[in-house]
Structure formats: C-alpha cells, structure tokens
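Structure file protein-v2.pdb; described as PDB, C-alpha atoms and all ligand atoms.
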```
ATOM      1  CA  MET A 223      95.240  98.425 128.210
ATOM      2  CA  ASP A 224      94.840 102.060 129.276
ATOM      3  CA  ALA A 225      91.254 102.526 130.337
ATOM      4  CA  THR A 226      91.820 105.820 132.173
ATOM      5  CA  HIS A 227      89.642 107.878 129.791
ATOM      6  CA  PRO A 228      86.213 108.144 131.467
ATOM      7  CA  ASP A 229      84.379 106.539 128.530
ATOM      8  CA  ARG A 230      87.007 104.025 127.463
ATOM      9  CA  GLU A 231      85.774 101.272 129.742
ATOM     10  CA  ALA A 232      82.197 101.747 128.525
ATOM     11  CA  HIS A 233      83.416 101.636 124.902
ATOM     12  CA  ARG A 234      85.324  98.419 125.527
ATOM     13  CA  ALA A 235      82.321  96.876 127.298
ATOM     14  CA  PHE A 236      80.084  97.818 124.335
ATOM     15  CA  LEU A 237      82.548  96.286 121.853
ATOM     16  CA  ASN A 238      82.796  93.087 123.889
ATOM     17  CA  ARG A 239      79.016  92.773 124.043
ATOM     18  CA  TYR A 240      78.601  93.602 120.362
ATOM     19  CA  TYR A 241      81.328  91.327 119.024
ATOM     20  CA  GLY A 242      80.941  88.568 121.614
ATOM     21  CA  ILE A 243      78.512  86.717 119.370
ATOM     22  CA  SER A 244      78.776  88.530 116.033
ATOM     23  CA  ARG A 245      82.486  87.747 115.598
ATOM     24  CA  TRP A 246      81.496  84.222 114.532
ATOM     25  CA  PHE A 247      79.554  85.444 111.470
ATOM     26  CA  TYR A 248      81.222  88.862 111.210
ATOM     27  CA  ASP A 249      83.286  88.236 108.054
ATOM     28  CA  LEU A 250      80.340  86.726 106.184
ATOM     29  CA  THR A 251      77.984  89.637 106.788
ATOM     30  CA  ARG A 252      80.453  92.545 106.592
ATOM     31  CA  ARG A 253      81.645  91.678 103.092
ATOM     32  CA  TYR A 254      78.451  93.328 101.799
ATOM     33  CA  TYR A 255      78.804  96.689 103.482
ATOM     34  CA  LEU A 256      82.413  97.252 104.528
ATOM     35  CA  ILE A 257      83.120  98.150 100.910
ATOM     36  CA  GLY A 258      86.486  99.515  99.809
ATOM     37  CA  ARG A 259      88.551  97.188 101.978
ATOM     38  CA  GLU A 260      89.583  95.129  98.936
ATOM     39  CA  VAL A 261      90.746  98.261  97.085
ATOM     40  CA  ALA A 262      92.859  99.313 100.073
ATOM     41  CA  ILE A 263      94.350  95.834 100.524
ATOM     42  CA  GLU A 264      95.151  95.497  96.806
ATOM     43  CA  GLN A 265      96.877  98.871  96.827
ATOM     44  CA  LEU A 266      98.888  97.959  99.905
ATOM     45  CA  ILE A 267      99.977  94.659  98.377
ATOM     46  CA  ALA A 268     100.982  96.407  95.157
ATOM     47  CA  GLN A 269     103.117  98.993  97.002
ATOM     48  CA  ARG A 270     106.681  97.778  97.440
ATOM     49  CA  GLY A 271     107.816 100.411  99.943
ATOM     50  CA  TRP A 272     106.872  98.732 103.211
ATOM     51  CA  MET A 273     107.984  95.794 105.340
ATOM     52  CA  SER A 274     105.898  96.252 108.504
ATOM     53  CA  LEU A 275     102.246  97.107 109.094
ATOM     54  CA  ILE A 276      99.981  97.605 112.085
ATOM     55  CA  GLU A 277      96.224  97.421 111.693
ATOM     56  CA  VAL A 278      94.272  99.394 114.290
ATOM     57  CA  GLY A 279      91.046  97.538 115.086
ATOM     58  CA  PRO A 280      91.861  94.360 113.104
ATOM     59  CA  GLY A 281      88.637  92.680 114.273
ATOM     60  CA  THR A 282      88.712  89.024 113.227
ATOM     61  CA  GLY A 283      92.098  89.527 111.523
ATOM     62  CA  ARG A 284      90.663  88.962 108.019
ATOM     63  CA  ASN A 285      92.502  91.974 106.529
ATOM     64  CA  LEU A 286      95.800  90.926 108.096
ATOM     65  CA  ARG A 287      95.393  87.419 106.657
ATOM     66  CA  LYS A 288      94.732  88.807 103.178
ATOM     67  CA  LEU A 289      97.687  91.156 103.420
ATOM     68  CA  ARG A 290      99.949  88.343 104.522
ATOM     69  CA  GLN A 291      98.855  86.195 101.575
ATOM     70  CA  GLY A 292      99.995  88.996  99.251
ATOM     71  CA  ARG A 293     103.075  90.095 101.214
ATOM     72  CA  PRO A 294     104.249  87.108 103.329
ATOM     73  CA  GLU A 295     107.690  88.669 103.870
ATOM     74  CA  ALA A 296     106.319  91.636 105.884
ATOM     75  CA  ARG A 297     105.815  91.822 109.654
ATOM     76  CA  TYR A 298     102.319  92.408 111.020
ATOM     77  CA  GLY A 299     100.807  93.760 114.213
ATOM     78  CA  GLY A 300      97.459  94.933 115.505
ATOM     79  CA  ILE A 301      95.944  97.062 118.270
ATOM     80  CA  GLU A 302      92.425  95.994 119.258
ATOM     81  CA  ALA A 303      90.091  97.469 121.900
ATOM     82  CA  SER A 304      87.726  94.499 122.114
ATOM     83  CA  ASP A 305      88.966  91.553 124.186
ATOM     84  CA  GLU A 306      86.606  89.260 122.257
ATOM     85  CA  MET A 307      87.977  90.297 118.871
ATOM     86  CA  LEU A 308      91.538  90.262 120.170
ATOM     87  CA  ALA A 309      91.240  86.636 121.315
ATOM     88  CA  HIS A 310      89.640  85.690 117.977
ATOM     89  CA  ALA A 311      92.329  87.446 115.888
ATOM     90  CA  ARG A 312      95.118  85.906 117.972
ATOM     91  CA  ARG A 313      93.810  82.449 117.140
ATOM     92  CA  LYS A 314      93.504  83.265 113.419
ATOM     93  CA  CYS A 315      96.794  85.182 113.062
ATOM     94  CA  PRO A 316      99.371  83.492 115.309
ATOM     95  CA  TRP A 317     102.180  85.073 113.217
ATOM     96  CA  ALA A 318     101.050  88.656 114.070
ATOM     97  CA  THR A 319     101.905  90.684 117.181
ATOM     98  CA  LEU A 320      98.490  91.651 118.525
ATOM     99  CA  ALA A 321      97.895  93.758 121.626
ATOM    100  CA  GLY A 322      94.879  95.091 123.471
ATOM    101  CA  GLY A 323      94.621  98.878 123.450
ATOM    102  CA  PHE A 324      92.841 101.970 122.238
ATOM    103  CA  ALA A 325      93.608 103.764 118.982
ATOM    104  CA  GLU A 326      94.062 107.071 120.793
ATOM    105  CA  ASP A 327      97.045 106.066 122.922
ATOM    106  CA  ALA A 328      98.244 102.482 122.354
ATOM    107  CA  ASP A 329     101.972 101.983 121.764
ATOM    108  CA  MET A 330     101.948 101.722 117.957
ATOM    109  CA  ALA A 331     105.550 102.918 117.592
ATOM    110  CA  GLY A 332     106.937 100.165 119.843
ATOM    111  CA  LEU A 333     104.644  97.194 119.117
ATOM    112  CA  LEU A 334     106.912  95.656 116.461
ATOM    113  CA  GLY A 335     110.148  96.884 118.067
ATOM    114  CA  GLU A 336     110.434  99.805 115.629
ATOM    115  CA  ARG A 337     108.043 102.246 114.003
ATOM    116  CA  PRO A 338     105.863 100.478 111.405
ATOM    117  CA  ASP A 339     106.017 101.503 107.723
ATOM    118  CA  ARG A 340     102.231 101.430 107.446
ATOM    119  CA  ILE A 341      99.393 101.938 109.934
ATOM    120  CA  PHE A 342      96.021 100.807 108.579
ATOM    121  CA  PHE A 343      92.539 101.689 109.826
ATOM    122  CA  SER A 344      89.758  99.751 108.088
ATOM    123  CA  TYR A 345      86.275 100.773 109.249
ATOM    124  CA  CYS A 346      87.741 101.417 112.690
ATOM    125  CA  LEU A 347      88.265 105.194 112.878
ATOM    126  CA  SER A 348      84.494 105.782 112.561
ATOM    127  CA  MET A 349      84.043 103.714 115.766
ATOM    128  CA  VAL A 350      86.821 105.365 117.751
ATOM    129  CA  GLN A 351      85.700 107.858 120.395
ATOM    130  CA  GLU A 352      88.315 110.514 119.515
ATOM    131  CA  PRO A 353      89.134 110.064 115.801
ATOM    132  CA  HIS A 354      91.289 113.217 115.498
ATOM    133  CA  ARG A 355      93.421 112.163 118.424
ATOM    134  CA  ALA A 356      93.740 108.589 117.114
ATOM    135  CA  LEU A 357      94.764 109.746 113.648
ATOM    136  CA  GLU A 358      97.328 112.197 114.974
ATOM    137  CA  HIS A 359      98.714 109.480 117.265
ATOM    138  CA  ALA A 360      99.082 107.100 114.292
ATOM    139  CA  ARG A 361     100.769 109.785 112.159
ATOM    140  CA  ARG A 362     103.238 110.424 114.976
ATOM    141  CA  SER A 363     103.885 106.678 115.398
ATOM    142  CA  VAL A 364     104.469 105.635 111.785
ATOM    143  CA  ALA A 365     108.047 105.407 110.439
ATOM    144  CA  PRO A 366     109.581 108.398 108.593
ATOM    145  CA  GLY A 367     108.592 108.066 104.936
ATOM    146  CA  GLY A 368     105.722 105.764 105.947
ATOM    147  CA  GLU A 369     101.951 106.219 105.569
ATOM    148  CA  VAL A 370      98.740 105.947 107.511
ATOM    149  CA  LEU A 371      95.955 104.494 105.360
ATOM    150  CA  VAL A 372      92.295 104.862 106.323
ATOM    151  CA  VAL A 373      89.352 103.219 104.579
ATOM    152  CA  ASP A 374      85.969 103.953 106.115
ATOM    153  CA  PHE A 375      82.446 105.248 105.585
ATOM    154  CA  GLY A 376      82.371 108.462 103.538
ATOM    155  CA  ASP A 377      79.997 111.368 104.188
ATOM    156  CA  LEU A 378      77.228 109.440 102.304
ATOM    157  CA  SER A 379      76.293 112.784 100.693
ATOM    158  CA  GLU A 380      75.405 111.325  97.294
ATOM    159  CA  LEU A 381      73.022 108.717  98.626
ATOM    160  CA  GLY A 382      70.038 111.083  98.571
ATOM    161  CA  ARG A 383      67.081 110.017 100.680
ATOM    162  CA  PHE A 384      68.902 106.927 101.971
ATOM    163  CA  GLN A 385      71.445 109.043 103.818
ATOM    164  CA  PRO A 386      69.449 109.811 107.024
ATOM    165  CA  ALA A 387      68.323 106.188 107.447
ATOM    166  CA  LEU A 388      71.841 104.904 106.911
ATOM    167  CA  ARG A 389      73.305 107.385 109.395
ATOM    168  CA  LYS A 390      70.719 106.358 111.974
ATOM    169  CA  TRP A 391      71.453 102.685 111.411
ATOM    170  CA  LEU A 392      75.228 103.283 111.784
ATOM    171  CA  ASP A 393      74.618 105.355 114.902
ATOM    172  CA  SER A 394      73.010 102.342 116.563
ATOM    173  CA  PHE A 395      76.345 100.502 116.157
ATOM    174  CA  HIS A 396      78.289 103.498 117.584
ATOM    175  CA  VAL A 397      79.609 104.251 114.073
ATOM    176  CA  HIS A 398      79.950 107.910 113.036
ATOM    177  CA  PRO A 399      81.073 108.865 109.498
ATOM    178  CA  LEU A 400      84.329 110.806 109.803
ATOM    179  CA  PRO A 401      84.411 114.593 110.282
ATOM    180  CA  GLU A 402      85.200 116.541 107.064
ATOM    181  CA  ASP A 403      88.407 118.090 108.353
ATOM    182  CA  ILE A 404      89.970 114.630 108.596
ATOM    183  CA  GLU A 405      89.704 114.228 104.838
ATOM    184  CA  ALA A 406      91.167 117.713 104.348
ATOM    185  CA  SER A 407      94.402 116.667 106.063
ATOM    186  CA  ALA A 408      95.008 113.651 103.777
ATOM    187  CA  PHE A 409      97.484 113.902 100.873
ATOM    188  CA  ASP A 410      95.444 111.509  98.755
ATOM    189  CA  VAL A 411      91.690 110.817  98.801
ATOM    190  CA  GLU A 412      89.530 108.397  96.818
ATOM    191  CA  HIS A 413      85.742 108.120  97.069
ATOM    192  CA  GLY A 414      83.627 105.070  96.411
ATOM    193  CA  TRP A 415      80.149 104.973  94.909
ATOM    194  CA  GLY A 416      77.721 107.554  96.361
ATOM    195  CA  ARG A 417      80.536 108.664  98.706
ATOM    196  CA  TYR A 418      79.574 105.568 100.707
ATOM    197  CA  TRP A 419      83.230 104.866 101.397
ATOM    198  CA  THR A 420      86.402 106.868 101.339
ATOM    199  CA  MET A 421      90.061 105.969 101.308
ATOM    200  CA  MET A 422      92.627 108.449 102.600
ATOM    201  CA  ARG A 423      96.393 108.451 102.879
ATOM    202  CA  PHE A 424      98.241 110.523 105.462
ATOM    203  CA  SER A 425     101.913 111.390 105.815
ATOM    204  CA  PRO A 426     103.835 111.027 109.109
ATOM    205  CA  LEU A 427     103.931 113.917 111.600
ATOM    206  CA  THR A 428     107.142 114.732 113.405
TER     207      THR A 428
HETATM  208  C1  LIG B 501      83.886  97.582 112.059
HETATM  209  S1  LIG B 501      85.163  96.634 112.821
HETATM  210  C2  LIG B 501      86.347  96.486 111.481
HETATM  211  C3  LIG B 501      87.260  95.297 111.635
HETATM  212  C4  LIG B 501      88.328  95.156 110.536
HETATM  213  N1  LIG B 501      89.213  96.292 110.558
HETATM  214  C5  LIG B 501      87.684  94.976 109.195
HETATM  215  O1  LIG B 501      87.914  95.786 108.284
HETATM  216  O2  LIG B 501      86.988  93.956 109.014
HETATM  217  C6  LIG B 501      85.943  97.821 113.903
HETATM  218  C7  LIG B 501      87.018  97.214 114.776
HETATM  219  O3  LIG B 501      87.656  98.292 115.493
HETATM  220  C8  LIG B 501      87.734  97.960 116.873
HETATM  221  N2  LIG B 501      87.747  99.209 117.635
HETATM  222  C9  LIG B 501      86.711 100.028 117.907
HETATM  223  N3  LIG B 501      87.126 101.088 118.636
HETATM  224  C10 LIG B 501      88.464 100.941 118.800
HETATM  225  C11 LIG B 501      89.463 101.713 119.459
HETATM  226  N4  LIG B 501      89.160 102.859 120.082
HETATM  227  N5  LIG B 501      90.738 101.279 119.446
HETATM  228  C12 LIG B 501      91.057 100.103 118.813
HETATM  229  N6  LIG B 501      90.150  99.329 118.186
HETATM  230  C13 LIG B 501      88.863  99.737 118.181
HETATM  231  C14 LIG B 501      86.512  97.087 117.113
HETATM  232  O4  LIG B 501      86.616  96.314 118.286
HETATM  233  C15 LIG B 501      86.485  96.263 115.838
HETATM  234  O5  LIG B 501      87.319  95.133 115.933
END
```

Kindly return the structure encoded in the file as structure tokens.
Amino acid sequence: MDATHPDREAHRAFLNRYYGISRWFYDLTRRYYLIGREVAIEQLIAQRGWMSLIEVGPGTGRNLRKLRQGRPEARYGGIEASDEMLAHARRKCPWATLAGGFAEDADMAGLLGERPDRIFFSYCLSMVQEPHRALEHARRSVAPGGEVLVVDFGDLSELGRFQPALRKWLDSFHVHPLPEDIEASAFDVEHGWGRYWTMMRFSPLT
C-alpha cells in the first residue's frame, strides 16, 4: 500500500480505528442512511455489458456479495484503505480479488489482470482525501467502453434546516459531500430524495 502522501497514513489509521469495532455492526446500521446503494446495485445487475467490476472502498464486502448474487458469472475485485475492513471483506468474499490501497493511486487497471468493465464507488468518494484525483484515476483505469459508477451523499441542498446539522455530523466521520464540479463531469446523474444521495456515471478517460 502506497502511504507516501503525507496524510495517507493518518487517514488509514483513522479508518482502522473507526472500523475496528464498527465493522461488526456496520451493515445493520448503515442500511438506514447509505441510501441509494440498492438502486445502484439493481442497475448494475440489470446491465448486461460488463463481466468484471472493482469496488473502491468495499468495506465489509456487502455490495460485492449482492452483486455476485445477481451476476455470479462476473469477476470481482476491491481496493480498500482500511486494513480492518480489508481483512473482514476477505473473509466474507473469498472469491473476490481484494487488495489494500488508496483510491487515488492503487493499481485498479491491473488488479484483475485486465482493465475492469466497471469501477464502483459506494459512499467511498466522500471519504477519500483527494476525490478529483481518485475519480480521474478510476476513469483512466476502467476498460474502453466501460463506466465508473458513483453513489454517494448529494449536496443535501433540499433538506432545509437539517442540512447544517447533517453536514456537521458527516464531518465528524471525515465524510464530505462531493464538490459540485464532480457532478458536472458525469454523463448521467440521478438524485435521491432531498438531494440526500446522488448517483453518477462517468465515461473512461484516455
Ligand atoms: C462509508 S464506507 C462504505 C463501504 C461500502 N462501499 C458500502 O457501500 O457499504 C467507506 C469505505 O471506503 C473506505 N475508504 C475510505 N477512504 C478510502 C481511500 N482513500 N481509498 C480506498 N478506500 C477508502 C473505507 O475504509 C470504507 O471501507
């Protein structure tokens, strides 16, 4: 794992502390506020144009398991910055190729032996230290004709007086709703209720 960025090691240490205990009840609690994941997974399963997928920040591996139930013939991989989550996901998804690394520079193109058809970020990009760099890296790593799919917190702009409190709460978990220009570079965007979540699709960059 490349920890040469000055803050990378601190980020990894935070994630290990944070998920060290919470990974055991993570899936139970997150189902109530990591909304939009089901929509993204259903859409991916319904799309026939892919045979390999890497999830960046797979956490416990729950999304990969759901994807595999719907598309057992595809190959799966994951890049995870937290050692605690990585160990957990490896136990739960022995059929996936999972590696430790950071979204900004991990070898996504080579993890499965060839560029993946899909790269999926589910509530991960808002935790990444350099989201623009991570997204560009994914778009350069995905196969020609492939897609990068991001589901994450939206700008929360239609949540009225709840918005500041929610932003503050997310901040305490090192989560930062994505900058607007990220959405502007997507070729397809869908918003969930109150702009609480957003789903974006990006084309490959050459
Ligand atoms: C909020 S959790 C989401 C987990 C899973 N994707 C889901 O939808 O349930 C964010 C995940 O991203 C990982 N993560 C955070 N920063 C990362 C980075 N820079 N590179 C790779 N993974 C990262 C965390 O360790 C965690 O597993």

- Just say which residues the PyMOL selection byres (((chain A and resi 298) around 7) and not hetatm) picks in this file, as a PyMOL selection string. chain A and resi 274-276+296-297+299+318-319

Taking C-alpha atoms for each residue, export the selection above as a tab-separated table (two decimals), in the coordinates of the input.
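Below is the file part-v1.tsv, written as the result:
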```
chain	number	residue	atom	x	y	z
A	274	SER	CA	105.90	96.25	108.50
A	275	LEU	CA	102.25	97.11	109.09
A	276	ILE	CA	99.98	97.60	112.08
A	296	ALA	CA	106.32	91.64	105.88
A	297	ARG	CA	105.82	91.82	109.65
A	299	GLY	CA	100.81	93.76	114.21
A	318	ALA	CA	101.05	88.66	114.07
A	319	THR	CA	101.90	90.68	117.18
```

Could you give me the centre and size, in Å to one decimal, of an axis-aligned box around all listed atoms of ligand LIG 501 (chain B) with 3 Å added on every side, as JSON?
```
{"center_x": 87.5, "center_y": 98.4, "center_z": 114.2, "size_x": 13.2, "size_y": 14.9, "size_z": 17.8}
```

- Would you list the residues that come within 6 Å of ligand LIG 501 (chain B)? Count only C-alpha atoms and all ligand atoms and give the answer as number ranges by chain. A: 237, 278-281, 301-304, 307, 323-325, 344-346, 349-350

- Find, counting all atoms listed in the file, the residue in A:Arg417, A:Arg239, A:Arg423, A:His396 that gets nearest to A:Asp305. A:Arg239

- Message: Using only C-alpha atoms, which protein or nucleic acid residues come within 9 Å of A:Trp415? Drop anything in the same chain fewer than 2 positions from it, and give the result as a PyMOL selection string.
- Response: chain A and resi 380-381+413+417-419
